[in-house]
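**Q** Supplied structure: coords06.cif, mmCIF, C-alpha atoms.
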data_query
#
loop_
_atom_site.group_PDB
_atom_site.id
_atom_site.type_symbol
_atom_site.label_atom_id
_atom_site.label_comp_id
_atom_site.auth_asym_id
_atom_site.auth_seq_id
_atom_site.Cartn_x
_atom_site.Cartn_y
_atom_site.Cartn_z
ATOM 1 C CA MET A 92 -3.564 12.111 23.279
ATOM 2 C CA GLU A 93 -5.856 9.938 21.127
ATOM 3 C CA GLN A 94 -4.987 9.477 17.466
ATOM 4 C CA ALA A 95 -8.154 11.268 16.326
ATOM 5 C CA GLU A 96 -7.176 14.328 18.402
ATOM 6 C CA LEU A 97 -3.682 14.275 16.939
ATOM 7 C CA VAL A 98 -5.108 14.072 13.425
ATOM 8 C CA GLY A 99 -7.407 17.021 14.198
ATOM 9 C CA ALA A 100 -4.521 19.082 15.550
ATOM 10 C CA ALA A 101 -2.306 18.166 12.586
ATOM 11 C CA ARG A 102 -5.074 19.273 10.225
ATOM 12 C CA GLU A 103 -4.962 22.650 11.956
ATOM 13 C CA GLY A 104 -1.258 22.864 11.123
ATOM 14 C CA ASP A 105 0.206 21.583 14.408
ATOM 15 C CA ARG A 106 3.475 20.002 13.293
ATOM 16 C CA GLN A 107 4.242 18.524 16.692
ATOM 17 C CA ALA A 108 0.954 16.632 16.587
ATOM 18 C CA PHE A 109 1.836 15.377 13.140
ATOM 19 C CA GLU A 110 5.294 14.316 14.349
ATOM 20 C CA GLU A 111 3.626 12.292 17.095
ATOM 21 C CA LEU A 112 1.472 10.605 14.437
ATOM 22 C CA VAL A 113 4.661 9.815 12.524
ATOM 23 C CA ARG A 114 6.175 8.188 15.631
ATOM 24 C CA ARG A 115 3.060 6.107 16.279
ATOM 25 C CA THR A 116 2.634 4.860 12.705
ATOM 26 C CA TYR A 117 6.278 4.662 11.638
ATOM 27 C CA VAL A 118 6.924 0.911 11.987
ATOM 28 C CA ASP A 119 3.654 0.042 10.269
ATOM 29 C CA THR A 120 4.343 2.401 7.359
ATOM 30 C CA PHE A 121 7.955 1.232 7.114
ATOM 31 C CA THR A 122 6.796 -2.392 6.997
ATOM 32 C CA LEU A 123 4.380 -1.664 4.161
ATOM 33 C CA ALA A 124 7.090 0.256 2.286
ATOM 34 C CA CYS A 125 9.450 -2.719 2.729
ATOM 35 C CA ARG A 126 6.869 -5.112 1.389
ATOM 36 C CA LEU A 127 6.179 -2.836 -1.591
ATOM 37 C CA THR A 128 9.788 -2.097 -2.521
ATOM 38 C CA GLY A 129 11.310 -5.413 -1.461
ATOM 39 C CA ASN A 130 14.207 -3.829 0.427
ATOM 40 C CA GLN A 131 14.854 -1.608 3.433
ATOM 41 C CA GLU A 132 16.970 1.018 1.670
ATOM 42 C CA ASP A 133 14.247 1.953 -0.798
ATOM 43 C CA ALA A 134 11.659 1.627 1.946
ATOM 44 C CA GLY A 135 13.415 4.383 3.935
ATOM 45 C CA ASP A 136 13.121 6.773 0.975
ATOM 46 C CA VAL A 137 9.487 5.828 0.381
ATOM 47 C CA VAL A 138 8.552 6.342 4.034
ATOM 48 C CA GLN A 139 10.145 9.795 4.075
ATOM 49 C CA ASP A 140 8.287 10.753 0.904
ATOM 50 C CA THR A 141 5.066 9.319 2.337
ATOM 51 C CA TYR A 142 5.150 11.483 5.466
ATOM 52 C CA LEU A 143 6.123 14.620 3.532
ATOM 53 C CA ARG A 144 3.151 14.037 1.228
ATOM 54 C CA ALA A 145 0.907 13.266 4.191
ATOM 55 C CA TRP A 146 1.919 16.503 5.933
ATOM 56 C CA ARG A 147 1.225 18.522 2.796
ATOM 57 C CA GLY A 148 -2.099 16.764 2.270
ATOM 58 C CA ILE A 149 -3.406 16.304 5.815
ATOM 59 C CA GLY A 150 -5.944 19.090 5.225
ATOM 60 C CA ARG A 151 -7.597 16.909 2.601
ATOM 61 C CA PHE A 152 -7.963 13.982 5.003
ATOM 62 C CA ARG A 153 -11.662 13.992 5.827
ATOM 63 C CA GLY A 154 -11.716 11.103 8.236
ATOM 64 C CA GLU A 155 -14.055 8.896 6.191
ATOM 65 C CA ALA A 156 -11.344 6.243 6.209
ATOM 66 C CA GLN A 157 -9.022 5.396 9.072
ATOM 67 C CA PHE A 158 -5.860 7.468 9.233
ATOM 68 C CA SER A 159 -3.814 4.282 8.771
ATOM 69 C CA THR A 160 -5.702 3.381 5.563
ATOM 70 C CA TRP A 161 -5.153 6.902 4.260
ATOM 71 C CA LEU A 162 -1.426 6.513 4.966
ATOM 72 C CA TYR A 163 -1.370 3.103 3.228
ATOM 73 C CA ARG A 164 -2.737 4.702 0.090
ATOM 74 C CA ILE A 165 -0.117 7.448 0.165
ATOM 75 C CA THR A 166 2.600 4.842 0.783
ATOM 76 C CA ALA A 167 1.355 2.779 -2.172
ATOM 77 C CA ASN A 168 1.460 5.838 -4.418
ATOM 78 C CA ALA A 169 4.900 6.929 -3.156
ATOM 79 C CA ALA A 170 6.291 3.409 -3.634
ATOM 80 C CA ALA A 171 4.910 3.203 -7.172
ATOM 81 C CA THR A 172 6.519 6.552 -8.016
ATOM 82 C CA HIS A 173 9.820 5.470 -6.448
ATOM 83 C CA VAL A 174 9.929 2.151 -8.296
ATOM 84 C CA HIS A 175 9.019 3.841 -11.567
ATOM 85 C CA LYS A 176 11.773 6.486 -11.164
ATOM 86 C CA ARG A 177 14.332 3.932 -10.140
ATOM 87 C CA TYR A 178 13.816 1.695 -13.150
ATOM 88 C CA ARG A 179 12.999 4.382 -15.727
ATOM 89 C CA HIS A 180 16.334 4.073 -17.477
ATOM 90 C CA ARG A 181 16.501 0.329 -17.486
ATOM 91 C CA THR A 182 15.624 -1.651 -20.584
ATOM 92 C CA GLU A 183 13.820 -4.547 -18.924
ATOM 93 C CA PRO A 184 10.042 -4.314 -18.690
ATOM 94 C CA LEU A 185 9.029 -3.294 -15.168
ATOM 95 C CA ASP A 186 6.843 -6.372 -14.856
ATOM 96 C CA GLU A 187 9.868 -8.605 -15.115
ATOM 97 C CA LEU A 188 12.231 -6.813 -12.764
ATOM 98 C CA ASN A 189 13.061 -8.976 -9.833
ATOM 99 C CA GLU A 190 14.747 -7.818 -6.682
ATOM 100 C CA PRO A 191 14.490 -10.529 -4.103
ATOM 101 C CA THR A 192 15.836 -9.163 -0.858
ATOM 102 C CA GLU A 193 15.940 -10.659 2.555
ATOM 103 C CA LEU A 194 13.660 -8.746 4.879
ATOM 104 C CA HIS A 195 14.456 -8.989 8.537
ATOM 105 C CA PRO A 196 11.228 -9.177 10.471
ATOM 106 C CA GLY A 197 11.061 -7.752 13.948
ATOM 107 C CA ALA A 198 10.722 -10.057 16.913
ATOM 108 C CA GLN A 199 7.222 -11.519 17.185
ATOM 109 C CA PRO A 200 7.169 -13.535 20.422
ATOM 110 C CA ASP A 201 3.631 -14.783 19.832
ATOM 111 C CA VAL A 202 4.502 -16.471 16.542
ATOM 112 C CA ALA A 203 5.449 -20.138 16.839
ATOM 113 C CA ALA A 204 8.762 -21.220 15.283
ATOM 114 C CA GLU A 205 7.149 -23.334 12.554
ATOM 115 C CA SER A 206 4.720 -20.571 11.698
ATOM 116 C CA ALA A 207 7.558 -18.037 11.657
ATOM 117 C CA GLU A 208 9.492 -20.204 9.221
ATOM 118 C CA MET A 209 6.460 -20.461 6.982
ATOM 119 C CA LEU A 210 5.933 -16.699 7.034
ATOM 120 C CA ASP A 211 9.637 -16.140 6.281
ATOM 121 C CA LYS A 212 9.270 -18.205 3.106
ATOM 122 C CA LEU A 213 6.150 -16.377 2.121
ATOM 123 C CA ALA A 214 7.701 -12.952 2.790
ATOM 124 C CA ALA A 215 10.765 -13.894 0.724
ATOM 125 C CA ALA A 216 8.520 -15.116 -2.115
ATOM 126 C CA VAL A 217 6.588 -11.826 -2.061
ATOM 127 C CA ALA A 218 9.841 -9.822 -2.053
ATOM 128 C CA GLY A 219 10.963 -11.830 -5.078
ATOM 129 C CA LEU A 220 7.958 -10.873 -7.195
ATOM 130 C CA PRO A 221 8.346 -8.223 -9.918
ATOM 131 C CA PRO A 222 7.449 -4.788 -8.435
ATOM 132 C CA LYS A 223 4.167 -4.343 -10.284
ATOM 133 C CA LEU A 224 2.871 -7.752 -9.234
ATOM 134 C CA ARG A 225 4.244 -7.380 -5.714
ATOM 135 C CA ALA A 226 2.303 -4.154 -5.188
ATOM 136 C CA LEU A 227 -0.993 -5.884 -5.918
ATOM 137 C CA VAL A 228 -0.480 -8.868 -3.670
ATOM 138 C CA VAL A 229 0.788 -6.679 -0.814
ATOM 139 C CA LEU A 230 -2.000 -4.106 -1.013
ATOM 140 C CA LYS A 231 -4.831 -6.573 -1.592
ATOM 141 C CA ASP A 232 -3.878 -9.831 0.105
ATOM 142 C CA VAL A 233 -1.709 -8.511 2.946
ATOM 143 C CA TYR A 234 -3.310 -5.127 3.712
ATOM 144 C CA GLY A 235 -6.832 -5.773 2.426
ATOM 145 C CA LEU A 236 -7.275 -2.586 0.373
ATOM 146 C CA PRO A 237 -10.145 -2.800 -2.143
ATOM 147 C CA HIS A 238 -9.319 -3.132 -5.836
ATOM 148 C CA GLU A 239 -10.803 0.302 -6.565
ATOM 149 C CA GLU A 240 -8.474 2.110 -4.148
ATOM 150 C CA ILE A 241 -5.438 0.128 -5.288
ATOM 151 C CA ALA A 242 -6.199 0.866 -8.928
ATOM 152 C CA GLU A 243 -6.560 4.581 -8.159
ATOM 153 C CA GLU A 244 -3.230 4.825 -6.321
ATOM 154 C CA LEU A 245 -1.337 2.800 -8.925
ATOM 155 C CA GLY A 246 -2.950 4.629 -11.853
ATOM 156 C CA ILE A 247 -4.373 1.505 -13.458
ATOM 157 C CA THR A 248 -7.855 0.173 -14.150
ATOM 158 C CA VAL A 249 -9.677 -2.113 -11.741
ATOM 159 C CA ALA A 250 -9.593 -4.847 -14.386
ATOM 160 C CA ALA A 251 -5.806 -4.494 -14.722
ATOM 161 C CA ALA A 252 -5.462 -4.627 -10.929
ATOM 162 C CA LYS A 253 -7.348 -7.926 -10.839
ATOM 163 C CA VAL A 254 -5.322 -9.418 -13.679
ATOM 164 C CA ARG A 255 -2.058 -8.462 -11.946
ATOM 165 C CA LEU A 256 -3.262 -9.855 -8.638
ATOM 166 C CA HIS A 257 -4.105 -13.208 -10.196
ATOM 167 C CA ARG A 258 -0.745 -13.326 -11.976
ATOM 168 C CA ALA A 259 0.993 -12.525 -8.691
ATOM 169 C CA ARG A 260 -0.893 -15.246 -6.813
ATOM 170 C CA ARG A 261 -0.076 -17.772 -9.529
ATOM 171 C CA ARG A 262 3.644 -16.905 -9.324
ATOM 172 C CA LEU A 263 3.647 -17.116 -5.530
ATOM 173 C CA ARG A 264 1.901 -20.461 -5.680
ATOM 174 C CA ASP A 265 4.503 -21.746 -8.149
ATOM 175 C CA VAL A 266 7.396 -20.514 -5.997
ATOM 176 C CA LEU A 267 5.957 -21.976 -2.804
ATOM 177 C CA TYR A 268 4.676 -25.319 -4.035
ATOM 178 C CA GLU A 269 6.921 -26.313 -6.890
ATOM 179 C CA GLN A 270 10.133 -26.645 -4.911
ATOM 180 C CA GLY A 271 9.419 -30.081 -3.502
ATOM 181 C CA GLU A 272 8.084 -28.599 -0.275
ATOM 182 C CA GLU A 273 4.392 -28.947 -0.929
ATOM 183 C CA ALA A 274 3.535 -30.217 2.513
ATOM 184 C CA HIS A 275 5.435 -27.557 4.427
ATOM 185 C CA ALA A 276 5.634 -24.418 2.295
ATOM 186 C CA VAL A 277 2.544 -22.759 3.728
ATOM 187 C CA MET B 59 -14.555 -29.548 -17.770
ATOM 188 C CA ARG B 60 -11.007 -30.707 -16.967
ATOM 189 C CA CYS B 61 -8.453 -29.757 -14.313
ATOM 190 C CA GLU B 62 -6.425 -27.945 -16.981
ATOM 191 C CA ASP B 63 -9.425 -25.700 -17.654
ATOM 192 C CA VAL B 64 -9.954 -24.909 -13.988
ATOM 193 C CA SER B 65 -6.295 -24.383 -13.055
ATOM 194 C CA PRO B 66 -5.932 -20.878 -14.594
ATOM 195 C CA LEU B 67 -9.073 -19.787 -12.714
ATOM 196 C CA MET B 68 -7.758 -20.825 -9.289
ATOM 197 C CA PRO B 69 -6.160 -17.462 -8.319
ATOM 198 C CA ALA B 70 -9.598 -15.856 -8.747
ATOM 199 C CA LEU B 71 -11.666 -18.787 -7.452
ATOM 200 C CA VAL B 72 -10.002 -18.563 -4.060
ATOM 201 C CA ASP B 73 -11.886 -15.289 -3.441
ATOM 202 C CA GLY B 74 -15.154 -16.970 -4.369
ATOM 203 C CA PRO B 75 -16.443 -16.573 -7.915
ATOM 204 C CA GLU B 76 -17.713 -13.095 -8.841
ATOM 205 C CA VAL B 77 -20.054 -14.692 -11.351
ATOM 206 C CA PRO B 78 -20.795 -18.296 -10.332
ATOM 207 C CA ASN B 79 -19.708 -20.761 -12.991
ATOM 208 C CA ILE B 80 -21.736 -23.929 -12.429
ATOM 209 C CA ALA B 81 -19.474 -26.123 -14.565
ATOM 210 C CA VAL B 82 -16.362 -25.023 -12.658
ATOM 211 C CA GLN B 83 -18.070 -25.428 -9.281
ATOM 212 C CA ARG B 84 -19.247 -28.941 -10.156
ATOM 213 C CA HIS B 85 -15.789 -29.950 -11.305
ATOM 214 C CA VAL B 86 -14.108 -28.687 -8.133
ATOM 215 C CA GLU B 87 -16.719 -30.397 -5.940
ATOM 216 C CA THR B 88 -15.915 -33.750 -7.470
ATOM 217 C CA CYS B 89 -12.172 -33.401 -8.199
ATOM 218 C CA LEU B 90 -9.761 -34.097 -5.332
ATOM 219 C CA ARG B 91 -6.837 -32.661 -7.292
ATOM 220 C CA CYS B 92 -8.561 -29.307 -7.765
ATOM 221 C CA GLN B 93 -9.771 -29.280 -4.155
ATOM 222 C CA ALA B 94 -6.166 -29.761 -3.024
ATOM 223 C CA GLU B 95 -5.043 -26.957 -5.308
ATOM 224 C CA LEU B 96 -7.727 -24.626 -3.978
ATOM 225 C CA ALA B 97 -6.665 -25.525 -0.431
ATOM 226 C CA ARG B 98 -3.069 -24.504 -1.299
ATOM 227 C CA TYR B 99 -4.264 -21.102 -2.471
ATOM 228 C CA ARG B 100 -6.364 -20.689 0.676
ATOM 229 C CA ARG B 101 -3.370 -21.507 2.899
ATOM 230 C CA MET B 102 -1.280 -19.060 0.919
ATOM 231 C CA LEU B 103 -3.860 -16.285 1.397
ATOM 232 C CA ARG B 104 -4.049 -16.976 5.134
ATOM 233 C CA GLY B 105 -0.272 -16.675 5.309
ATOM 234 C CA LEU B 106 -0.317 -13.409 3.362
ATOM 235 C CA HIS B 107 -2.951 -12.057 5.715
ATOM 236 C CA ASP B 108 -0.728 -12.979 8.672
ATOM 237 C CA LEU B 109 2.162 -10.995 7.178
ATOM 238 C CA ARG B 110 0.125 -7.865 7.927
ATOM 239 C CA THR B 111 1.122 -7.931 11.604
ATOM 240 C CA ARG B 112 4.657 -9.175 11.039
ATOM 241 C CA TYR B 113 6.488 -5.904 11.319
ATOM 242 C CA VAL B 114 9.871 -5.056 9.823
ATOM 243 C CA GLU B 115 11.932 -3.019 12.261
ATOM 244 C CA PRO B 116 13.456 0.073 10.665
ATOM 245 C CA ALA B 117 17.055 1.119 11.368
ATOM 246 C CA PRO B 118 17.206 3.123 14.633
ATOM 247 C CA GLU B 119 18.167 6.378 12.869
ATOM 248 C CA SER B 120 15.428 6.028 10.236
ATOM 249 C CA LEU B 121 12.670 7.732 12.247
ATOM 250 C CA ASP B 122 14.938 10.656 13.205
ATOM 251 C CA GLU B 123 15.899 11.145 9.558
ATOM 252 C CA THR B 124 12.247 11.308 8.554
ATOM 253 C CA LEU B 125 11.425 13.805 11.312
ATOM 254 C CA ALA B 126 14.450 15.901 10.275
ATOM 255 C CA ALA B 127 13.291 15.849 6.646
ATOM 256 C CA LEU B 128 9.863 16.971 7.784
ATOM 257 C CA ALA B 129 11.344 19.857 9.798
ATOM 258 C CA GLU B 130 13.615 20.829 6.916
ATOM 259 C CA SER B 131 10.708 20.804 4.492
ATOM 260 C CA SER B 132 8.694 23.050 6.805
ATOM 261 C CA GLU B 133 11.614 25.474 7.169
ATOM 262 C CA ARG B 134 12.195 25.532 3.430
ATOM 263 C CA ASN B 135 8.523 26.229 2.781
ATOM 264 C CA PRO B 136 7.477 28.260 5.837
ATOM 265 C CA VAL B 137 4.466 29.725 4.062
ATOM 266 C CA LEU B 138 3.321 26.303 2.949
ATOM 267 C CA SER B 139 3.938 25.020 6.440
ATOM 268 C CA ILE B 140 1.893 27.785 8.055
ATOM 269 C CA LEU B 141 -0.791 27.175 5.494
ATOM 270 C CA SER B 142 -0.675 23.413 5.851
ATOM 271 C CA GLY B 143 -3.705 21.364 6.636
ATOM 272 C CA ARG B 144 -7.083 22.982 7.054
ATOM 273 C CA ARG B 145 -5.533 26.457 7.112
ATOM 274 C CA LEU B 146 -4.678 26.031 3.448
ATOM 275 C CA ALA B 147 -8.320 25.259 2.731
ATOM 276 C CA TYR B 148 -9.399 28.369 4.692
ATOM 277 C CA ALA B 149 -6.892 30.521 2.826
ATOM 278 C CA GLY B 150 -8.088 29.088 -0.481
ATOM 279 C CA ALA B 151 -11.724 29.789 0.386
ATOM 280 C CA ILE B 152 -10.902 33.371 1.416
ATOM 281 C CA GLY B 153 -8.970 33.849 -1.842
ATOM 282 C CA VAL B 154 -11.851 32.567 -3.963
ATOM 283 C CA ALA B 155 -14.327 34.751 -2.044
ATOM 284 C CA ALA B 156 -12.120 37.823 -2.585
ATOM 285 C CA VAL B 157 -11.933 37.163 -6.332
ATOM 286 C CA LEU B 158 -15.715 36.744 -6.549
ATOM 287 C CA VAL B 159 -16.349 39.963 -4.601
ATOM 288 C CA ALA B 160 -13.917 41.882 -6.814
ATOM 289 C CA ARG B 161 -15.524 40.479 -9.952
ATOM 290 C CA ASN B 162 -19.032 41.393 -8.759
ATOM 291 C CA ARG B 163 -17.879 44.905 -7.829
ATOM 292 C CA ARG B 164 -16.385 45.388 -11.309
ATOM 293 C CA LYS B 165 -19.609 44.173 -12.896
ATOM 294 C CA SER B 166 -21.658 46.601 -10.731
ATOM 295 C CA LEU B 167 -19.411 49.510 -11.670
ATOM 296 C CA ARG B 168 -19.735 48.667 -15.370
ATOM 297 C CA LEU B 169 -23.530 48.527 -15.105
ATOM 298 C CA ALA B 170 -23.598 51.808 -13.187
ATOM 299 C CA GLY B 171 -21.289 53.446 -15.730
#
Just give me the structure as structure tokens.

**A**
Amino acid sequence: MEQAELVGAAREGDRQAFEELVRRTYVDTFTLACRLTGNQEDAGDVVQDTYLRAWRGIGRFRGEAQFSTWLYRITANAAATHVHKRYRHRTEPLDELNEPTELHPGAQPDVAAESAEMLDKLAAAVAGLPPKLRALVVLKDVYGLPHEEIAEELGITVAAAKVRLHRARRRLRDVLYEQGEEAHAV
Amino acid sequence: MRCEDVSPLMPALVDGPEVPNIAVQRHVETCLRCQAELARYRRMLRGLHDLRTRYVEPAPESLDETLAALAESSERNPVLSILSGRRLAYAGAIGVAAVLVARNRRKSLRLAG
């Protein structure tokens, strides 16, 4: 069955159709959740929350955007909520929290070894960003969501989204190019 | 215009300037150091874009756990589950229509009385 048909059936309340959508989009959603949270354990919780929210809200999905983009937005919102809850009782400002975690990418046979090494460094640098900055760079520079949508899901202004993105890019640039690896970092 | 003035603008410049700044553009066009810096940002953005299709494989049991949570949620909230999706919208519309009809009927009775 085509994805559009599955979405239509799920909107009518067909849980099996929705479960098939979950199976088809799971790795993609999990990857985004990993990039947003910086680790696989939190990503598992975020993905579960994402699909529960998606199931409850599928009736509101009008099909103007792609289903995957709609899911990205829910994932972004669920990840922001998760990160906020997790660090609520800590004293450090959320901007400064750092949780670099090694992400283990799946096998990509079409990626050359040198390119894979470069992407590993970049992925590790992204995972090492503070959560609020990481969210911006992942949603904008990796997944290509517009500032307006990102700002809406994160509950911030468009101007704040842009400022955070530029701060995130600056930090990534510093991590990648100020370790004596200028020629090979990316 | 000096490199130090342009450097903080680089993370935004890499997208292309929203409002063209002639002084900044002229400096970058003639400054090899700033051109190299801009090239670093461009390479970084290309790499970030490539991460999009570099999937992270979830643990094998992860999908099953999510599907189980979904089933459990539906069992816990059977009414919500039945009313999920478009059905909820239909139910809502019927509810609103019923309230409006009742309100109009009350108004008619008051006028008649």

**Q** Work out how far CA of Ala171 (chain A) is from CA of Pro66 (chain B), in Å to one decimal.

**A**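 About the pair CA of Pro66 (chain B) and CA of Ala171 (chain A): they are 27.4 Å apart.
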
**Q** Which residues would end up in the selection if the PyMOL selection byres ((chain A) within 7 of (chain B)) were applied here, given that I need the answer as a list in words?

**A** Ala101, Arg102, Glu103, Gly104, Glu110, Val118, Asp119, Phe121, Thr122, Gly135, Gln139, Leu143, Arg147, Gly148, Ile149, Gly150, His195, Pro196, Gly197, Leu210, Asp232, Val233, Tyr234, His257, Arg260, Arg261, Arg264 and Val277 of chain A

**Q** So which one's closest to Leu213 (chain A), A:Ala251, A:Ala145, A:Leu267, A:Val137? Using all atoms listed in the file, please.

**A**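 Using all atoms listed in the file, Leu213 (chain A) sits closest to A:Leu267.
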
**Q** Select, from A:Thr128, A:Thr248, A:Ser159, A:Thr172, the residue with the minimum atom-to-atom distance to Ala218 (chain A), counting only C-alpha atoms.

**A**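 Using only C-alpha atoms, Ala218 (chain A) sits closest to A:Thr128.
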
**Q** Take CA of Arg144 (chain A) and CA of Val113 (chain A) and report the distance between them in Å, one decimal.

**A**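 Computing it gives 12.2 Å between the two atoms.
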
**Q** Around all of region 247-258 of chain A's listed atoms, make the axis-aligned box with 8 Å on each side and tell me centre and edge lengths in Å to one decimal, as lines of an AutoDock Vina configuration file.

**A**
center_x = -5.2
center_y = -5.9
center_z = -11.7
size_x = 24.9
size_y = 30.8
size_z = 22.1

**Q** Distance CA of Asp133 (chain A)-CA of Thr120 (chain A), one decimal place?

**A** 12.8 Å

**Q** Just the residues within 9 Å of Leu162 (chain A), please, counting all atoms listed in the file, with nothing from its chain fewer than 2 positions along; format it as a PyMOL selection string.

**A** chain A and resi 116+120+141-142+145+157-160+164-167
